[in-house]
Protein chains: 2
Amino acid sequence: MNKLAEREDIILKAIVEEFVRAVVPVGSRTLTKKIPLDLSSATIRNVMSDLEDMGYLYQPHTSSGRVPTTAGFRYYVERLMQLKSLKDEEMESISTKVDDFKSDMIEMLKGTSKILSDRIQHACVLLAPGPGHLVLKHIGFVLLSRRKILVLLVGKSGLVQNRVFDHDEDINQDELDRISNYLNQEVVENKTIMETRKIIMKELRREKARYNRIVKKALNLGDKALKMSEAKIIVEGQSKILSQPEFAENLDKLKHVISSFEEKTTLLKLIDNTMSSEGLQITIGTENPLDEFKELSVISAGYRRSDSTIGKIGVVGPVRMDYGTIIPFVEFTAQLLSGKFEDN
Amino acid sequence: MNKLAEREDIILKAIVEEFVRAVVPVGSRTLTKKIPLDLSSATIRNVMSDLEDMGYLYQPHTSSGRVPTTAGFRYYVERLMQLKSLKDEEMESISTKVDDFKSDMIEMLKGTSKILSDRIQHACVLLAPGPGHLVLKHIGFVLLSRRKILVLLVGKSGLVQNRVFDHDEDINQDELDRISNYLNQEVVENKTIMETRKIIMKELRREKARYNRIVKKALNLGDKALKMSEAKIIVEGQSKILSQPEFAENLDKLKHVISSFEEKTTLLKLIDNTMSSEGLQITIGTENPLDEFKELSVISAGYRRSDSTIGKIGVVGPVRMDYGTIIPFVEFTAQLLSGKFEDN
DNA sequence: CTTTAGCACTCAGGTAGCTAGAGTGCTAAA
DNA sequence: TTTAGCACTCTAGCTACCTGAGTGCTAAAG
């Protein structure tokens with residue numbers, strides 16, 4: 001994407017911003033009033049025509065104004081946009097609201113998504129930390145029936161995961177208690193599930209395990225218990241999409257998009273595709289490989305615990321979003337979440 | 001609601017069913033073909049006119065066919081409708097799907113709602129059992145930080161509930177373990193949370209508690225741990241509402257309804273209003289006291305553990321629903337859930 | 001070479017008028 | 001009591017027309 005002439009920059013910027021504001025194709029006359037340059041509409045028309053040739057604009061029909069293409073928005077986002085930094089009160093207000101949530105991690109993440117969604121009036125998608133990243137505080141077993149064992153994994157932050165599995169021999173609650181004691185004392189404390197599993201694997205290979213029945217059982221059971229389940233996706237404010245003027249007439253598209261949002265697997269793909277890398281990421285309209293989201297943009301940012309990205313938070317809205325305003329919000333929220341997951 | 005003449009019954013039934021099918025006002029000519037009687041359209045017109053006077057039908061405008069009113073649907077549901085009982089395969093298929101869910105109660109309920117919603121193509125609202133109804137198998141405490149305690153309540157069926165609360169004095173994990181041992185052995189086994197609480201209250205008043213520190217602490221903690229949290233509402237398939245033809249043109253109403261669905265408090269009211277009684281309940285259109293839902297009907301049924309209703313499952317859709325098909329589904333699903341919560 | 005004024009042209013969207021079709025209510029006869 | 005027949009009503013869809021915003025092109029001015 002080559003740098004354009006300065007005048008082209010100014011005009012493209014004005015077109016994008018005017019289009020974002022009014023959601024209607026922008027014409028040359030309107031622009032004469034919006035740009036700081038003193039040019040006639042005819043001149044602007046020439047520039048617009050150039051920009052169209054370069055692929056930054058397109059006309060819905062011959063005699064209409066221009067609308068930025070995906071490439072136009074992309075250029076705008078990379079070179080023209082000015083980020084509007086958040087006001088201190090704004091940050092303050094968000095972070096106190098987030099602090100108000102109780103200790104259940106999922107509730108906190110849902111709440112945070114809702115806050116973000118309400119602030120910027122677009123849908124919000126959040127990928128919760130995979131269970132592998134849970135920092136364990138405690139592991140417990142409850143015998144439900146002769147060979148059915150419930151495992152409880154309690155995270156440092158108070159998050160609980162649980163799951164039932166079948167054991168291949170009879171076992172009683174006392175034994176389970178001894179096993180969980182062993183695991184809690186020897187293995188678990190302050191490591192993530194992934195780390196814990198690695199340790200267990202290693203231990204299993206060591207001599208000692210072969211000779212101590214309880215240890216061996218504990219490790220085997222621990223291994224089974226920590227097998228990971230899939231990541232969780234949270235969506236808030238989907239109905240915000242209904243309010244977007246571009247969907248007001250096209251009910252079919254709307255339906256399609258909304259039901260995609262209900263389909264967790266589609267969302268998972270969306271996140272795989274657009275949220276895979278770390279840091280801030282912006283996917284605009286047709287850049288999105290999923291058909292359902294070709295008319296939407298996704299702005300997302302990862303949040304982290306110590307050095308690794310453990311989840312993502314993103315905003316999904318029409319291509320015509322106010323990128324300059326929304327990006328700082330998304331970044332701030334991601335930072336806020338990182339802070340929540342920091343060990344302290 | 002008085003019984004109508006037989007011919008009126010037949011015609012009203014045909015009108016309701018034809019309207020449900022075609023979602024368009026029903027005219028007299030159409031009816032001549034749909035009813036088993038050999039009557040001319042003029043005669044039918046007279047009957048329709050009578051039915052309109054009685055308030056069962058109305059005309060959107062003078063030269064259009066008739067549409068059933070709320071009263072018309074009500075009469076239909078109470079006297080005319082034939083329930084289509086579920087096929088065995090259908091029941092089989094639903095119940096195996098529900099069985100597939102893992103032990104987390106909320107996940108199971110969500111999944112069940114989704115299955116129901118997909119089968120009947122309408123939104124589904126579910127009120128999860130208040131935590132007081134869980135039959136306890138095990139209670140556990142994990143110390144998260146000095147005064148923050150996580151309580152784990154494991155139900156007999158493997159359902160887990162957890163919650164964090166603050167304790168007013170320092171405590172350590174050993175002590176917590178002793179406390180949970182005491183509670184597990186002396187109090188918990190095979191009683192619901194509510195029952196357990198009652199027992200604890202009684203114990204606390206007895207002499208013994210005053211002299212044994214651990215027992216006292218245990219009872220106090222148990223009391224705190226079992227304080228009930230608010231009921232949880234689950235919504236699945238809201239987007240099904242988008243596909244309803246009656247909303248296709250009226251985007252504003254649609255928006256209103258959809259955002260009401262996102263607002264948990266509104267839903268709570270809906271459930272208070274329409275799901276309060278036990279057994280099957282049907283609320284049609286304007287019978288609903290909430291403005292947002294005046295154009296929707298709710299079919300709901302309670303599910304129970306032993307003798308008390310512990311939650312509700314309901315379908316929310318346009319007034320023009322296929323009541324005869326949907327009601328058996330809702331009833332069956334509620335029974336299925338009751339089964340899940342039964343002690344066995 | 002760049003800019004601009006001017007003009008012819010295009011197209012969406014709104015309005016008005018017309019028609020067809022579905023449906024009604026009423027009346028008079030069977 | 002039922003029905004055939006007829007006049008009437010209203011919606012939905014179609015066409016024609018007009019307006020206004022916007023364009024592209026050309027030729028003249030800077």
# chains A, B, ... in the order shown; residues from 1 in each chain; ligands from 1

$ residues_around --residues "stretch 285-292 of chain B" --least-positions-apart "6" --cutoff "12 Å" --atoms "only C-alpha atoms (C1' of nucleotides)" --output "tab-separated table (two decimals) with N, CA and C atoms, in the first residue's frame"
chain	number	residue	atom	x	y	z
B	68	PRO	N	-57.23	-14.51	13.96
B	68	PRO	CA	-57.71	-14.79	15.32
B	68	PRO	C	-57.18	-13.74	16.31
B	69	THR	N	-58.01	-13.35	17.25
B	69	THR	CA	-57.54	-12.48	18.32
B	69	THR	C	-56.92	-13.34	19.41
B	70	THR	N	-56.42	-12.65	20.45
B	70	THR	CA	-55.93	-13.39	21.61
B	70	THR	C	-57.02	-14.32	22.13
B	71	ALA	N	-58.24	-13.80	22.22
B	71	ALA	CA	-59.35	-14.62	22.71
B	71	ALA	C	-59.57	-15.82	21.79
B	72	GLY	N	-59.41	-15.59	20.48
B	72	GLY	CA	-59.58	-16.68	19.53
B	72	GLY	C	-58.56	-17.78	19.78
B	73	PHE	N	-57.31	-17.38	19.95
B	73	PHE	CA	-56.26	-18.38	20.22
B	73	PHE	C	-56.53	-19.07	21.55
B	74	ARG	N	-56.95	-18.28	22.51
B	74	ARG	CA	-57.23	-18.85	23.83
B	74	ARG	C	-58.31	-19.94	23.73
B	252	ASP	N	-38.63	-2.12	13.96
B	252	ASP	CA	-38.55	-1.47	15.27
B	252	ASP	C	-39.01	-2.40	16.38
B	253	LYS	N	-40.14	-3.03	16.15
B	253	LYS	CA	-40.65	-3.96	17.15
B	253	LYS	C	-39.63	-5.06	17.40
B	254	LEU	N	-39.09	-5.55	16.30
B	254	LEU	CA	-38.09	-6.61	16.37
B	254	LEU	C	-36.94	-6.22	17.29
B	255	LYS	N	-36.40	-5.04	17.03
B	255	LYS	CA	-35.29	-4.54	17.84
B	255	LYS	C	-35.67	-4.54	19.30
B	256	HIS	N	-36.85	-4.04	19.55
B	256	HIS	CA	-37.34	-3.92	20.92
B	256	HIS	C	-37.37	-5.29	21.60
B	257	VAL	N	-37.95	-6.24	20.90
B	257	VAL	CA	-38.07	-7.58	21.47
B	257	VAL	C	-36.69	-8.18	21.72
B	258	ILE	N	-35.83	-8.07	20.71
B	258	ILE	CA	-34.50	-8.69	20.85
B	258	ILE	C	-33.72	-8.07	22.00
B	259	SER	N	-33.81	-6.75	22.14
B	259	SER	CA	-33.01	-6.23	23.24
B	259	SER	C	-33.67	-6.53	24.59
B	260	SER	N	-34.98	-6.71	24.61
B	260	SER	CA	-35.60	-7.17	25.85
B	260	SER	C	-35.02	-8.52	26.26
B	261	PHE	N	-34.75	-9.34	25.25
B	261	PHE	CA	-34.20	-10.66	25.54
B	261	PHE	C	-32.80	-10.56	26.13
B	263	GLU	N	-31.86	-8.26	28.10
B	263	GLU	CA	-31.95	-7.66	29.43
B	263	GLU	C	-32.48	-8.70	30.41
B	266	THR	N	-35.73	-7.91	32.48
B	266	THR	CA	-37.02	-8.02	31.78
B	266	THR	C	-37.45	-9.47	31.73
B	267	LEU	N	-36.50	-10.34	31.42
B	267	LEU	CA	-36.83	-11.76	31.33
B	267	LEU	C	-37.30	-12.29	32.66
B	268	LEU	N	-36.68	-11.79	33.72
B	268	LEU	CA	-37.07	-12.23	35.04
B	268	LEU	C	-38.54	-11.88	35.28
B	269	LYS	N	-38.92	-10.70	34.83
B	269	LYS	CA	-40.32	-10.29	34.96
B	269	LYS	C	-41.21	-11.21	34.14
B	270	LEU	N	-40.77	-11.48	32.93
B	270	LEU	CA	-41.54	-12.36	32.06
B	270	LEU	C	-41.82	-13.67	32.77
B	271	ILE	N	-40.77	-14.19	33.36
B	271	ILE	CA	-40.89	-15.48	34.01
B	271	ILE	C	-41.73	-15.39	35.27
B	272	ASP	N	-41.55	-14.32	35.99
B	272	ASP	CA	-42.40	-14.10	37.16
B	272	ASP	C	-43.86	-14.12	36.76
B	273	ASN	N	-44.11	-13.46	35.65
B	273	ASN	CA	-45.50	-13.28	35.25
B	273	ASN	C	-46.11	-14.52	34.62
B	274	THR	N	-45.32	-15.20	33.84
B	274	THR	CA	-45.94	-16.25	33.05
B	274	THR	C	-45.52	-17.63	33.48
B	275	MET	N	-44.53	-17.71	34.34
B	275	MET	CA	-44.08	-19.03	34.71
B	275	MET	C	-44.32	-19.29	36.18
B	298	VAL	N	-46.09	-17.34	25.32
B	298	VAL	CA	-45.14	-18.12	26.11
B	298	VAL	C	-45.80	-19.43	26.52
B	299	ILE	N	-45.13	-20.52	26.22
B	299	ILE	CA	-45.60	-21.83	26.67
B	299	ILE	C	-44.55	-22.35	27.63
B	316	VAL	N	-40.75	-19.11	23.87
B	316	VAL	CA	-41.29	-17.79	23.57
B	316	VAL	C	-41.33	-17.61	22.06
B	317	GLY	N	-42.48	-17.36	21.52
B	317	GLY	CA	-42.59	-17.21	20.07
B	317	GLY	C	-43.75	-16.31	19.72
B	318	PRO	N	-43.99	-16.13	18.44
B	318	PRO	CA	-45.09	-15.30	18.02
B	318	PRO	C	-46.41	-15.93	18.45
B	319	VAL	N	-47.43	-15.11	18.57
B	319	VAL	CA	-48.75	-15.60	18.98
B	319	VAL	C	-49.17	-16.76	18.08
B	320	ARG	N	-48.86	-16.58	16.82
B	320	ARG	CA	-49.18	-17.61	15.84
B	320	ARG	C	-48.18	-18.77	15.95
B	321	MET	N	-48.25	-19.49	17.01
B	321	MET	CA	-47.38	-20.67	17.13
B	321	MET	C	-48.22	-21.91	16.86

$ closest_atom_pairs --of "chain B" --to "chain D" --cutoff "10 Å" --atoms "only C-alpha atoms (C1' of nucleotides)" --output "CSV"
residue,atom,partner,partner_atom,distance
B:Leu39,CA,D:DT2,C1',8.4
B:Ser40,CA,D:DT3,C1',6.7
B:Ser41,CA,D:DT3,C1',8.7
B:Ala42,CA,D:DT3,C1',6.9
B:Thr43,CA,D:DT2,C1',6.8
B:His61,CA,D:DC10,C1',7.3
B:Thr62,CA,D:DT9,C1',6.6
B:Ser63,CA,D:DC10,C1',5.5
B:Ser64,CA,D:DC10,C1',7.5

$ write_last_selection --atoms "N, CA and C atoms" --output "JSON list (two decimals), in the first residue's frame"
[["chain", "number", "residue", "atom", "x", "y", "z"],
["B", 39, "LEU", "N", -70.28, -26.07, 2.84],
["B", 39, "LEU", "CA", -70.96, -24.78, 2.98],
["B", 39, "LEU", "C", -70.42, -23.79, 1.96],
["B", 40, "SER", "N", -71.24, -22.86, 1.57],
["B", 40, "SER", "CA", -70.76, -21.83, 0.64],
["B", 40, "SER", "C", -69.99, -20.77, 1.42],
["B", 41, "SER", "N", -69.25, -19.99, 0.66],
["B", 41, "SER", "CA", -68.44, -18.96, 1.31],
["B", 41, "SER", "C", -69.34, -17.95, 2.01],
["B", 42, "ALA", "N", -70.50, -17.70, 1.48],
["B", 42, "ALA", "CA", -71.40, -16.72, 2.09],
["B", 42, "ALA", "C", -71.80, -17.14, 3.50],
["B", 43, "THR", "N", -72.15, -18.41, 3.62],
["B", 43, "THR", "CA", -72.51, -18.92, 4.94],
["B", 43, "THR", "C", -71.34, -18.76, 5.91],
["B", 61, "HIS", "N", -58.25, -4.90, 8.03],
["B", 61, "HIS", "CA", -58.93, -3.78, 7.35],
["B", 61, "HIS", "C", -60.18, -4.34, 6.68],
["B", 62, "THR", "N", -61.08, -3.46, 6.31],
["B", 62, "THR", "CA", -62.36, -3.93, 5.78],
["B", 62, "THR", "C", -62.18, -4.97, 4.72],
["B", 63, "SER", "N", -61.64, -4.91, 3.67],
["B", 63, "SER", "CA", -61.82, -6.06, 2.77],
["B", 63, "SER", "C", -60.74, -7.12, 2.89],
["B", 64, "SER", "N", -60.38, -7.45, 4.11],
["B", 64, "SER", "CA", -59.37, -8.52, 4.21],
["B", 64, "SER", "C", -59.97, -9.69, 4.96]]

$ calpha_fit_rmsd --fixed "chain B" --moving "chain A"
0.9 Å

$ atom_distance --atom1 "atom CA of B:Gly111" --atom2 "atom CA of A:Lys232"
14.4 Å

$ interface_residues --of "chain A" --to "chain B" --cutoff "10 Å" --atoms "only C-alpha atoms" --output "VMD selection string"
chain A and resid 102 to 104 137 to 140 142 to 145 148 to 152 154 to 165 236 to 243 248 to 249 251 to 252 254 to 263

$ write_last_selection --atoms "C-alpha atoms" --output "PDB file, in the first residue's frame"
ATOM      1  CA  LYS A 102     -17.507 -11.017  41.983  1.00  0.00           C
ATOM      2  CA  SER A 103     -14.815 -13.578  41.829  1.00  0.00           C
ATOM      3  CA  ASP A 104     -16.334 -15.922  39.308  1.00  0.00           C
ATOM      4  CA  LYS A 137      -4.961 -23.687  43.748  1.00  0.00           C
ATOM      5  CA  HIS A 138      -6.581 -26.956  44.620  1.00  0.00           C
ATOM      6  CA  ILE A 139      -7.646 -30.231  43.145  1.00  0.00           C
ATOM      7  CA  GLY A 140     -10.356 -32.389  44.626  1.00  0.00           C
ATOM      8  CA  VAL A 142     -15.625 -36.736  44.824  1.00  0.00           C
ATOM      9  CA  LEU A 143     -16.811 -40.275  44.320  1.00  0.00           C
ATOM     10  CA  LEU A 144     -20.240 -40.190  42.762  1.00  0.00           C
ATOM     11  CA  SER A 145     -20.753 -43.898  42.302  1.00  0.00           C
ATOM     12  CA  LYS A 148     -17.588 -42.467  38.598  1.00  0.00           C
ATOM     13  CA  ILE A 149     -15.355 -39.711  39.826  1.00  0.00           C
ATOM     14  CA  LEU A 150     -16.002 -35.998  39.816  1.00  0.00           C
ATOM     15  CA  VAL A 151     -12.901 -33.880  39.659  1.00  0.00           C
ATOM     16  CA  LEU A 152     -12.893 -30.320  40.915  1.00  0.00           C
ATOM     17  CA  VAL A 154     -10.094 -24.725  41.712  1.00  0.00           C
ATOM     18  CA  GLY A 155      -8.113 -21.857  40.280  1.00  0.00           C
ATOM     19  CA  LYS A 156      -6.241 -19.276  42.251  1.00  0.00           C
ATOM     20  CA  SER A 157      -8.732 -16.640  41.273  1.00  0.00           C
ATOM     21  CA  GLY A 158     -11.607 -18.752  42.532  1.00  0.00           C
ATOM     22  CA  LEU A 159     -12.631 -20.126  39.195  1.00  0.00           C
ATOM     23  CA  VAL A 160     -13.845 -23.689  39.358  1.00  0.00           C
ATOM     24  CA  GLN A 161     -13.844 -26.289  36.650  1.00  0.00           C
ATOM     25  CA  ASN A 162     -15.333 -29.662  37.072  1.00  0.00           C
ATOM     26  CA  ARG A 163     -15.890 -32.765  35.092  1.00  0.00           C
ATOM     27  CA  VAL A 164     -16.917 -36.364  35.628  1.00  0.00           C
ATOM     28  CA  PHE A 165     -14.924 -39.320  34.392  1.00  0.00           C
ATOM     29  CA  GLU A 236     -22.487  -9.747  24.560  1.00  0.00           C
ATOM     30  CA  GLY A 237     -24.593  -7.100  22.885  1.00  0.00           C
ATOM     31  CA  GLN A 238     -25.324  -8.981  19.691  1.00  0.00           C
ATOM     32  CA  SER A 239     -28.532  -7.035  19.373  1.00  0.00           C
ATOM     33  CA  LYS A 240     -26.459  -3.931  18.758  1.00  0.00           C
ATOM     34  CA  ILE A 241     -26.089  -5.206  15.224  1.00  0.00           C
ATOM     35  CA  LEU A 242     -29.802  -4.731  14.725  1.00  0.00           C
ATOM     36  CA  SER A 243     -29.412  -1.016  15.213  1.00  0.00           C
ATOM     37  CA  ALA A 248     -32.033  -1.999   8.390  1.00  0.00           C
ATOM     38  CA  GLU A 249     -33.216  -2.900   4.905  1.00  0.00           C
ATOM     39  CA  LEU A 251     -33.217  -8.428   6.718  1.00  0.00           C
ATOM     40  CA  ASP A 252     -31.819 -11.589   5.229  1.00  0.00           C
ATOM     41  CA  LEU A 254     -29.169  -9.571   9.296  1.00  0.00           C
ATOM     42  CA  LYS A 255     -30.688 -12.935  10.062  1.00  0.00           C
ATOM     43  CA  HIS A 256     -27.658 -14.655   8.743  1.00  0.00           C
ATOM     44  CA  VAL A 257     -25.285 -12.640  10.864  1.00  0.00           C
ATOM     45  CA  ILE A 258     -27.347 -12.955  14.023  1.00  0.00           C
ATOM     46  CA  SER A 259     -27.649 -16.683  13.779  1.00  0.00           C
ATOM     47  CA  SER A 260     -23.940 -16.973  13.067  1.00  0.00           C
ATOM     48  CA  PHE A 261     -23.480 -15.289  16.393  1.00  0.00           C
ATOM     49  CA  GLU A 262     -25.498 -17.966  18.094  1.00  0.00           C
ATOM     50  CA  GLU A 263     -23.467 -20.695  16.528  1.00  0.00           C
TER      51      GLU A 263
END

$ residues_around --residues "A:Arg45" --least-positions-apart "5" --cutoff "12 Å" --atoms "only C-alpha atoms (C1' of nucleotides)" --output "mmCIF file with N, CA and C atoms (P, O5', C5', C4', C3', O3' and C1' of nucleotides), in the first residue's frame"
data_model
loop_
_atom_site.group_PDB
_atom_site.id
_atom_site.type_symbol
_atom_site.label_atom_id
_atom_site.label_comp_id
_atom_site.auth_asym_id
_atom_site.auth_seq_id
_atom_site.Cartn_x
_atom_site.Cartn_y
_atom_site.Cartn_z
ATOM 1 N N GLU A 8 -4.676 13.683 -1.722
ATOM 2 C CA GLU A 8 -5.472 12.453 -1.758
ATOM 3 C C GLU A 8 -5.732 11.930 -0.340
ATOM 4 N N ILE A 11 -8.448 13.999 1.271
ATOM 5 C CA ILE A 11 -9.780 13.718 0.738
ATOM 6 C C ILE A 11 -10.277 12.334 1.151
ATOM 7 N N LEU A 12 -9.402 11.349 1.078
ATOM 8 C CA LEU A 12 -9.812 10.004 1.482
ATOM 9 C C LEU A 12 -10.233 9.994 2.950
ATOM 10 N N ILE A 15 -13.575 11.480 3.281
ATOM 11 C CA ILE A 15 -14.623 10.586 2.787
ATOM 12 C C ILE A 15 -14.939 9.511 3.814
ATOM 13 N N VAL A 26 -20.687 9.440 -0.173
ATOM 14 C CA VAL A 26 -20.253 10.832 -0.039
ATOM 15 C C VAL A 26 -19.996 11.432 -1.420
ATOM 16 N N GLY A 27 -20.561 12.594 -1.646
ATOM 17 C CA GLY A 27 -20.387 13.256 -2.937
ATOM 18 C C GLY A 27 -19.394 14.399 -2.887
ATOM 19 N N SER A 28 -19.019 14.876 -4.064
ATOM 20 C CA SER A 28 -17.964 15.891 -4.125
ATOM 21 C C SER A 28 -18.403 17.215 -3.496
ATOM 22 N N ARG A 29 -19.643 17.588 -3.677
ATOM 23 C CA ARG A 29 -20.113 18.862 -3.106
ATOM 24 C C ARG A 29 -19.982 18.857 -1.595
ATOM 25 N N THR A 30 -20.469 17.761 -0.965
ATOM 26 C CA THR A 30 -20.367 17.651 0.484
ATOM 27 C C THR A 30 -18.927 17.858 0.930
ATOM 28 N N LEU A 31 -18.010 17.269 0.165
ATOM 29 C CA LEU A 31 -16.606 17.319 0.573
ATOM 30 C C LEU A 31 -16.043 18.732 0.542
ATOM 31 N N THR A 32 -16.463 19.533 -0.423
ATOM 32 C CA THR A 32 -15.918 20.902 -0.468
ATOM 33 C C THR A 32 -16.113 21.596 0.866
ATOM 34 N N LEU A 39 -10.966 23.901 -2.661
ATOM 35 C CA LEU A 39 -11.019 23.308 -4.001
ATOM 36 C C LEU A 39 -12.470 23.236 -4.475
ATOM 37 N N SER A 40 -12.623 23.279 -5.763
ATOM 38 C CA SER A 40 -13.978 23.152 -6.301
ATOM 39 C C SER A 40 -14.385 21.686 -6.328
ATOM 40 N N ASP A 50 -9.549 9.291 -9.295
ATOM 41 C CA ASP A 50 -8.240 8.635 -9.140
ATOM 42 C C ASP A 50 -8.299 7.593 -8.025
ATOM 43 N N LEU A 51 -8.833 8.008 -6.887
ATOM 44 C CA LEU A 51 -8.905 7.104 -5.733
ATOM 45 C C LEU A 51 -9.720 5.857 -6.083
ATOM 46 N N GLU A 52 -10.728 6.059 -6.901
ATOM 47 C CA GLU A 52 -11.523 4.909 -7.303
ATOM 48 C C GLU A 52 -10.689 3.964 -8.172
ATOM 49 N N LEU A 57 -12.006 3.538 -3.356
ATOM 50 C CA LEU A 57 -13.404 3.950 -3.295
ATOM 51 C C LEU A 57 -14.194 3.149 -4.311
ATOM 52 N N SER A 64 -23.991 8.135 -8.047
ATOM 53 C CA SER A 64 -24.045 8.326 -6.594
ATOM 54 C C SER A 64 -22.680 8.748 -6.087
ATOM 55 N N GLY A 65 -22.638 9.124 -4.851
ATOM 56 C CA GLY A 65 -21.357 9.463 -4.249
ATOM 57 C C GLY A 65 -20.507 8.219 -4.078
ATOM 58 N N ARG A 66 -19.359 8.382 -3.427
ATOM 59 C CA ARG A 66 -18.457 7.243 -3.236
ATOM 60 C C ARG A 66 -18.509 6.689 -1.823
ATOM 61 P P DT C 3 -4.439 21.389 -9.093
ATOM 62 O "O5'" DT C 3 -5.615 22.326 -9.558
ATOM 63 C "C5'" DT C 3 -5.476 23.735 -9.364
ATOM 64 C "C4'" DT C 3 -6.653 24.422 -9.992
ATOM 65 C "C3'" DT C 3 -8.008 24.016 -9.422
ATOM 66 O "O3'" DT C 3 -8.598 25.172 -8.848
ATOM 67 C "C1'" DT C 3 -8.046 24.105 -11.786
ATOM 68 P P DT C 4 -9.955 25.075 -8.066
ATOM 69 O "O5'" DT C 4 -10.986 25.458 -9.204
ATOM 70 C "C5'" DT C 4 -10.802 26.706 -9.888
ATOM 71 C "C4'" DT C 4 -11.813 26.816 -10.984
ATOM 72 C "C3'" DT C 4 -13.245 26.463 -10.578
ATOM 73 O "O3'" DT C 4 -14.106 27.452 -11.083
ATOM 74 C "C1'" DT C 4 -12.662 25.333 -12.539
ATOM 75 P P DG D 22 -24.764 14.583 -2.904
ATOM 76 O "O5'" DG D 22 -24.112 14.091 -4.265
ATOM 77 C "C5'" DG D 22 -24.148 12.691 -4.552
ATOM 78 C "C4'" DG D 22 -23.794 12.512 -5.996
ATOM 79 C "C3'" DG D 22 -22.485 13.202 -6.411
ATOM 80 O "O3'" DG D 22 -21.402 12.280 -6.448
ATOM 81 C "C1'" DG D 22 -24.186 13.303 -8.084
ATOM 82 P P DT D 23 -19.973 12.839 -6.956
ATOM 83 O "O5'" DT D 23 -19.930 12.324 -8.458
ATOM 84 C "C5'" DT D 23 -20.258 10.965 -8.735
ATOM 85 C "C4'" DT D 23 -20.410 10.809 -10.230
ATOM 86 C "C3'" DT D 23 -19.179 11.241 -10.997
ATOM 87 O "O3'" DT D 23 -18.532 10.104 -11.536
ATOM 88 C "C1'" DT D 23 -21.172 12.206 -11.935
ATOM 89 P P DG D 24 -17.025 10.326 -12.008
ATOM 90 O "O5'" DG D 24 -17.158 10.625 -13.578
ATOM 91 C "C5'" DG D 24 -18.031 9.853 -14.377
ATOM 92 C "C4'" DG D 24 -17.993 10.407 -15.794
ATOM 93 C "C3'" DG D 24 -16.593 10.754 -16.302
ATOM 94 O "O3'" DG D 24 -16.505 10.362 -17.666
ATOM 95 C "C1'" DG D 24 -17.952 12.727 -16.245
ATOM 96 P P DC D 25 -15.161 10.526 -18.496
ATOM 97 O "O5'" DC D 25 -15.421 11.833 -19.367
ATOM 98 C "C5'" DC D 25 -16.659 11.964 -20.060
ATOM 99 C "C4'" DC D 25 -16.753 13.339 -20.671
ATOM 100 C "C3'" DC D 25 -15.424 13.861 -21.241
ATOM 101 O "O3'" DC D 25 -15.670 14.339 -22.548
ATOM 102 C "C1'" DC D 25 -16.376 15.452 -19.771
#

$ interface_residues --of "chain C" --to "chain A" --cutoff "10 Å" --atoms "only C-alpha atoms (C1' of nucleotides)" --output "PyMOL selection string"
chain C and resi 2-5+9-12

$ select_by_dssp --residues "stretch 5-247 of chain B" --states "alpha helix (DSSP H)" --output "PyMOL selection string"
chain B and resi 6-22+28-34+41-53+70-75+88-99+105-120+173-183+193-205+207-211+213-226+245-247

$ atom_distance --atom1 "atom CA of B:Glu186" --atom2 "atom CA of B:Ile171"
21.3 Å

$ atom_distance --atom1 "atom CA of A:Met105" --atom2 "atom CA of A:Gly222"
23.2 Å

$ decode --residues "stretch 5-27 of chain C" --atoms "C-alpha atoms (C1' of nucleotides)" --output "PDB file, in the first residue's frame"
ATOM      1  C1'  DA C   5     -17.177  26.511 -14.553  1.00  0.00           C
ATOM      2  C1'  DG C   6     -20.686  24.637 -17.117  1.00  0.00           C
ATOM      3  C1'  DC C   7     -23.483  21.304 -19.074  1.00  0.00           C
ATOM      4  C1'  DA C   8     -25.451  16.918 -20.320  1.00  0.00           C
ATOM      5  C1'  DC C   9     -26.382  12.749 -18.368  1.00  0.00           C
ATOM      6  C1'  DT C  10     -27.607   9.048 -14.827  1.00  0.00           C
ATOM      7  C1'  DC C  11     -29.951   7.030 -11.282  1.00  0.00           C
ATOM      8  C1'  DA C  12     -32.485   6.278  -6.732  1.00  0.00           C
ATOM      9  C1'  DG C  13     -36.349   7.408  -4.402  1.00  0.00           C
ATOM     10  C1'  DG C  14     -40.606   9.540  -3.824  1.00  0.00           C
ATOM     11  C1'  DT C  15     -45.321  10.420  -5.480  1.00  0.00           C
ATOM     12  C1'  DA C  16     -49.467   9.698  -8.108  1.00  0.00           C
ATOM     13  C1'  DG C  17     -52.492   6.967 -10.698  1.00  0.00           C
ATOM     14  C1'  DC C  18     -54.159   2.640 -12.252  1.00  0.00           C
ATOM     15  C1'  DT C  19     -55.431  -2.285 -12.107  1.00  0.00           C
ATOM     16  C1'  DA C  20     -56.147  -6.854 -10.432  1.00  0.00           C
ATOM     17  C1'  DG C  21     -57.498  -9.717  -6.960  1.00  0.00           C
ATOM     18  C1'  DA C  22     -59.038 -11.126  -2.695  1.00  0.00           C
ATOM     19  C1'  DG C  23     -62.289 -10.336   0.338  1.00  0.00           C
ATOM     20  C1'  DT C  24     -66.397  -8.372   2.451  1.00  0.00           C
ATOM     21  C1'  DG C  25     -71.548  -7.201   3.459  1.00  0.00           C
ATOM     22  C1'  DC C  26     -76.008  -7.138   1.952  1.00  0.00           C
ATOM     23  C1'  DT C  27     -80.120  -8.528  -0.452  1.00  0.00           C
TER      24       DT C  27
END
